[in-house]
Structure formats: structure tokens, C-alpha cells
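Taking it in order: structure first as C-alpha cells, then the write-up.
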Amino acid sequence: MESIERRRALTDFVMRIVCSGAAFASAAILLVLMLHVVIEGATALSITLFTSLPTPLGLPGGGVAHAFVGSIIIVGLACAWGIPLGIGAAFYTSEYAGPQVSAVVRFAAEVLSGVPSIVVGIFAYTVIVAQTGTFSGLAAAFALGVIMLPIVSRTTEEILRLVPTNLREASYALGVPRWRTTLSVVLPAAANGVATGVMLAVARIAGETAPLLFTTLGNSFLNTDPARPMAAATLVIFQYAIWPYDYLQRQAWAASLVLLIVVLLTNLAVRLVARTRTLG
Amino acid sequence: MRRHGLPSVRTLLDFQGRRLADFAFELALGGMALVTVLLVLLLAVSMLRSGLSALLAFGPPFLWTTEWNPVTHSFGVLPAIYGTLATSFIALLLAVPIGICSAVFLAEIAPRWVAEPISFLIEMLASIPSVILGLWGLFVLVPLVREAESFLGQALGFVPIFSGPAYGVGLLSAGLILAIMILPILTSVIRDILKAVPMAQREAMLALGGTQWETIARAVLPYARSGIVGAIILALGRALGETLAVSMVIGNTFQISISLFSPATTLSSLISTQFREADNQLYLSALIAAGFVLFGITAVVNVLARLILWRIGGPAVTR
């Protein structure tokens, strides 16, 4: 009897250690990884990274200003159509559509979120690049919009579900038409949640690389015309990492650090907003 | 003012105007929802059309032949399918036990003040762009793996999976990177599922005199079994489609080898590395057909995951 009891207590103890070890190890991976990017990136970080263009290959110096500009333009364009569409679709399914229609729209968004980003890239290639005959920032913005759409619509829908029906009914009772109720009562009540979804989606697409390979292709010059090939920060990191030039690899680390800071700060902001929101 | 009879023309117009505004607003929102649905249909149709036509042009042997030679126009994608499945399998093998243990710790064992910061760190890990993970993998992980491989090769070289020269880049490195990528999703989804297990389930086991581990292993985990399976399949879907991180550490060599140390390729890394070199239509269609195969594999896996997760917990857990 004694030995069985002891064995049970021992198993309990050992498994608890194993589980906590696993959790601490997972968290440690992040810390190690982040620390490495910070150290490598910080030593290579300089103001010229943001202000200069690449030097001819093999000649140390220069920066990746073109890539940051390209990334901002592409992400901005993706937001310009991905965000309104995602929010609009979510409002339709939660405020207007019947259960069957909303199930169809929801299913479409779920399917979209399960498609690998490289497949979305090929999709954008076949419908835009192959048709227009040129790689372009627009094609990339299309692909990134497709990726952010389901993220925005799902988080928006989840938050709309939390807006109390009383609020809508109070508005109707005052004679406010339905569309005004949606825009002036429901939307403000859900604004924090909608912002959360939008920021998550932006953080996600800012780090995407695979769909850009087939759409915007990359460019070693500064180009602000989205109808032509553009550079992007993630593409530059990918290319510089596999080129055998030390100064380019250091620029890749520095660009990674910038990207990491942007993405992590956005995620951090999301958590703060989510914590202070009035609903849910 | 009239109290009876017909409403005045003005109220009538006003009323009509409001109806119209409401109608227009609903139409606009409905249009956006429709665009979402059409987008998915367009994606499916365009992938089917370009992918299937390429697939048919090469014939079914595209799926099971092993030669990929753009010069002679012979394209067979089996090594890439093997690489995709093998790396994802390695990733699951490593990440699933760690993910379940971490989730158990976070949901069952740890006090709140420990669980919250660790959950936070693990969720932050999920948001790191895959290209940064790939960069880290290439410069930090690969050299470490090379060391480990030469050590393993000396000690256990007679086992086929540990045979061959230690390159560093290869199936093992790719599997490790993928494991790091899917670990956060696994952990946070399983943690949420464990938290949804009713308290009575635990109380019954504890009342019978079970230790905490016995409660977890016999009352909590079995109850959450189908949810955990769903989470694993969801993570598998991510691993199968991942491109950049894998393509930077796998070595991109078109071969099937049983050894974990050997360089290999996956469907996504094949497409991403060769796309720029595709200088003729046939070569390009071969890559698009490879993308279609990947699309098919992930579609099956994702539908499976959604079905399982939907059945047990509603769509809330499928984030």
C-alpha cells in the first residue's frame, strides 16, 4: 500500500514538473529568438537604413528605404479594401442576414482563412499579374487584402454578437431608422472590438512574404507607383538573408528588428485596447 | 393639424425616404458580404481551372513520379509531397507533446500570476513573421542542428533516419522551425479547450482521492480529447502551408530520403524558390499545379479540423 501511494505522489510530482518545464521552455524560445533579433538588429541599425537606397551589389553601405516605402504602400492599399469589406460583411451577417445566408458568408470567410498564404499568392498571380501582364504592388495589395478579410470579419462579428439587443431596440423606439442605428449606435458600441480585429489583421499581413513573391516581385529601386513592381520589407529580408554578403545580411537583421517591433507593438496595443473595452 | 384620414404627403415622402435609405444601406452591406463569398468562389474556380488544367496536362503521374527537370520538361512532384508531409509530421511529433503539456500547465496547474505572463509570451511568439523565424533558423538553428546531427550520426548512424552527412539544412531543421511555429497555436487553442471542461469533471476525480495529475490525465484530458484532436489538425494545416521559414532552412533539394539529415523540399518551398526561374508556360503550370496539390491537401485537413472543432465547441474555439 505504502509503495503505491508513494508512486502516485511521485508521478504527480514528476508530471507537474514536466508540464511546467514545457510551458517555460515554450516561453523561453520566444525570449531567445527575440533577444537574438534585437542584438543582431540593433548593432546593424542605423539611420541610413531608412533613408538610403541599396548600393550596387557588393558595395557595402546603403539602406532599404525602398522596401519600407513599398511595404507601407502595399499594406495601406490592402487595408483600403480589406478592412471595409471585412467590416461590411460582418455587419451584414450579424445585423441583417438570416441564419442560412450568414452561415454561407461565415463559411466563406472560414475557408479563406484556411487557405495557405502561398496559394493566395498564386491566386493573385493568375487573376491579376497574368491578366495585366506585369507584376505590381496592386496585385500584392489584392493578395494581402484577401488574407486580412477573414480576420477582420471574424473578430468584428464576434464583437457585434456582444452588443446588447436592448441598445438597438432603444434606438428603434426613438424612431431612429435601422441604418442610422447600425452606424451611430451599434458601430460605436463595438468600435474597440473592431479596432482590435483590424490591428491584428494589419500585424499579420505586415509580416507576410510568400504572397508577395508572386505579385509584387521586388524592386531594388524606389518605386511609389503601385501599378509596377515594388519592394517590400519582408521580401528584402528573405533575399538578403540568402545572399552571401555580410553587409546585406546585417541589413536583413536590422529590417527584421524594425518589422518585429512594429508587429509586436501592434499586438501589444491590441491587448491594451481589448482590456479597456467596455463590452465582453 | 389633421388627426384622422390620410397621412400628409410630407410624412409619406419622409417615410419613403427612410425606407429607401434603409434599403440602400442593407444592399451595400449585402454587396460586401456577397463579394466575400464571390472571392472564395473565384479563388476555388481559378485554382481549379489553372491547377487542374496543368495537372491534366501532365497527367496523373505528376503526383507520383520523382523527377523534376525543367530542361527536359519532366515534372513529378512526389518528393515535394513527401517533404511537405515529412516536415509537418516531424513538427507535430515535437510540438504536440510540448503543446499539450504547456496547455495543461497554463490551464490546470499554474496560478494566475504565472499563467498570464507565460500565455502572453507564447501568444506573442505566434505573431512573429515567418520570414524572421526563417532568418533566425538559417543563422542560429541550422548551425546548432548541424552539431547535433554530427553527434547523432556518430552515436546512432546505423539507424537509417540518422544516417548520412550532417548538412544542417534539411528535414530536421525544417521540422524544428515548423514545430516552433505551430507550438503557440496548439498551446493556446488547447488551453482554451481545457478551460471549457466543466469543473464537476475535476471535482469528481478529486473527491475520489485522485492526485492532481490523475485528475488531469483521467478526467480532464479524455473529456477534451476531440477538441485536442481538432487543435492538432488545425496546427497541421498551418504547418503544411508554411512557406518562407521552411524554404530558408530545408536546403531545397529535390529528393526523397529516409534520413532526417538530408536536404529536401516541400511543395511551398519548391514553388517559392523556382517561381522566378519559370521562363516558359509549361514550367509555370507545373508550379501552379504543385500549388493546387498543396491547396487540395490543406483544404482536406482544414475541413476536417473545422468539423471536429465545430462539433465540440461551436465556432468560438476555431479562431
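Identifiers in this document derive from the order of the C-alpha cells: chains are assigned A, B, ..., residues are numbered from 1 separately in each chain, and ligands are numbered from 1 in order of occurrence.
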
Neighbour list for Asn267 in chain A as an MDAnalysis selection string, cut-off 10 Å, only C-alpha atoms, skip fewer than 5 positions in-chain: (chainID A and resid 196 199:204 261:262 272:273) or (chainID B and resid 123:124 127)

With 6 Å as the limit and counting only C-alpha atoms, what residues in chain A lie close to chain B? Please list them as an MDAnalysis selection string. chainID A and resid 12 19:20 22:23 27 30 85 88:89 92 105 108 116 179 207

Skip Ala231 in chain B itself and residues of its chain fewer than 4 positions away, then list as number ranges by chain all residues within 10 Å of it, counting only C-alpha atoms. B: 96, 185-190, 193, 225-227, 235-237, 305-306, 308-309, 317-318

Can you spit out the residues from that selection as a PDB file, in the first residue's frame, using C-alpha atoms?
ATOM      1  CA  VAL B  96       2.115  18.193 -29.811  1.00  0.00           C
ATOM      2  CA  ILE B 185      -1.423  27.903 -31.772  1.00  0.00           C
ATOM      3  CA  LEU B 186      -1.518  24.420 -30.295  1.00  0.00           C
ATOM      4  CA  THR B 187      -0.903  25.685 -26.780  1.00  0.00           C
ATOM      5  CA  SER B 188      -3.438  28.492 -26.791  1.00  0.00           C
ATOM      6  CA  VAL B 189      -6.236  26.541 -28.509  1.00  0.00           C
ATOM      7  CA  ILE B 190      -5.782  23.504 -26.238  1.00  0.00           C
ATOM      8  CA  ILE B 193     -10.442  23.855 -24.629  1.00  0.00           C
ATOM      9  CA  ARG B 225      -9.954  14.618 -26.436  1.00  0.00           C
ATOM     10  CA  SER B 226     -11.837  15.545 -29.593  1.00  0.00           C
ATOM     11  CA  GLY B 227     -11.065  19.228 -29.091  1.00  0.00           C
ATOM     12  CA  ALA B 235      -1.975  23.236 -36.489  1.00  0.00           C
ATOM     13  CA  LEU B 236      -1.208  20.640 -39.151  1.00  0.00           C
ATOM     14  CA  GLY B 237      -2.999  22.848 -41.685  1.00  0.00           C
ATOM     15  CA  ALA B 305     -10.324  20.339 -38.274  1.00  0.00           C
ATOM     16  CA  ARG B 306     -13.324  22.665 -38.542  1.00  0.00           C
ATOM     17  CA  ILE B 308     -14.197  18.346 -35.310  1.00  0.00           C
ATOM     18  CA  LEU B 309     -13.882  21.705 -33.540  1.00  0.00           C
ATOM     19  CA  VAL B 317     -12.747  27.899 -30.396  1.00  0.00           C
ATOM     20  CA  THR B 318     -11.765  27.750 -34.042  1.00  0.00           C
TER      21      THR B 318
END

Excluding Val258 in chain A and any residue of its chain fewer than 4 positions from it, enumerate the residues within 9 Å of it, using only C-alpha atoms, and give them as a list in words.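 Residues near the query, excluding close chain neighbours: Gly41, Leu45, Trp253, Ala254, Val262 and Val263 of chain A.
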
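Across range 27-58 of chain A, DSSP run on the backbone finds helix (DSSP H, G or I) at Ala27, Ala28, Ile29, Leu30, Leu31, Val32, Leu33, Met34, Leu35, His36, Val37, Val38, Ile39, Glu40, Gly41, Ala42, Thr43, Ala44, Ile47, Thr48, Leu49, Phe50 and Thr51 of chain A.
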
Range 63-67 of chain B surroundings by only C-alpha atoms, 8 Å radius, close-in-sequence under 6 positions cut, as a PDB file with C-alpha atoms, in the first residue's frame:
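What ended up in out-v1.pdb:
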ATOM      1  CA  SER B  74       9.573  16.261 -66.998  1.00  0.00           C
ATOM      2  CA  PHE B  75       7.743  17.191 -63.851  1.00  0.00           C
ATOM      3  CA  GLY B  76       6.866  14.868 -60.987  1.00  0.00           C
ATOM      4  CA  VAL B  77       6.064  16.269 -57.613  1.00  0.00           C
ATOM      5  CA  LEU B  78       6.276  13.292 -55.262  1.00  0.00           C
ATOM      6  CA  PRO B  79       9.474  14.354 -53.440  1.00  0.00           C
ATOM      7  CA  GLN B 255      14.963  14.113 -53.464  1.00  0.00           C
TER       8      GLN B 255
END

I want to know what sits within 12 Å of Leu167 in chain A, based on only C-alpha atoms, with residues of the same chain fewer than 2 positions away left out; could you give that as a list in words? Leu160, Leu162, Val163, Pro164, Thr165, Glu169, Ala170, Ser171, Tyr172, Ala173, Leu174, Val176, Thr181, Thr182, Ser184, Val185, Val186, Leu187, Pro188, Ala189 and Ala190 of chain A

Once DSSP has gone over the backbone, tell me which residues of range 21-261 of chain B are in strand (DSSP E or B), as a ChimeraX atom specification. /B:68-69,74-75

For range 259-263 of chain B, find every residue with an atom within 7 Å (counting only C-alpha atoms), except residues of its own chain fewer than 4 positions away, and show them as a count of residues only. 17
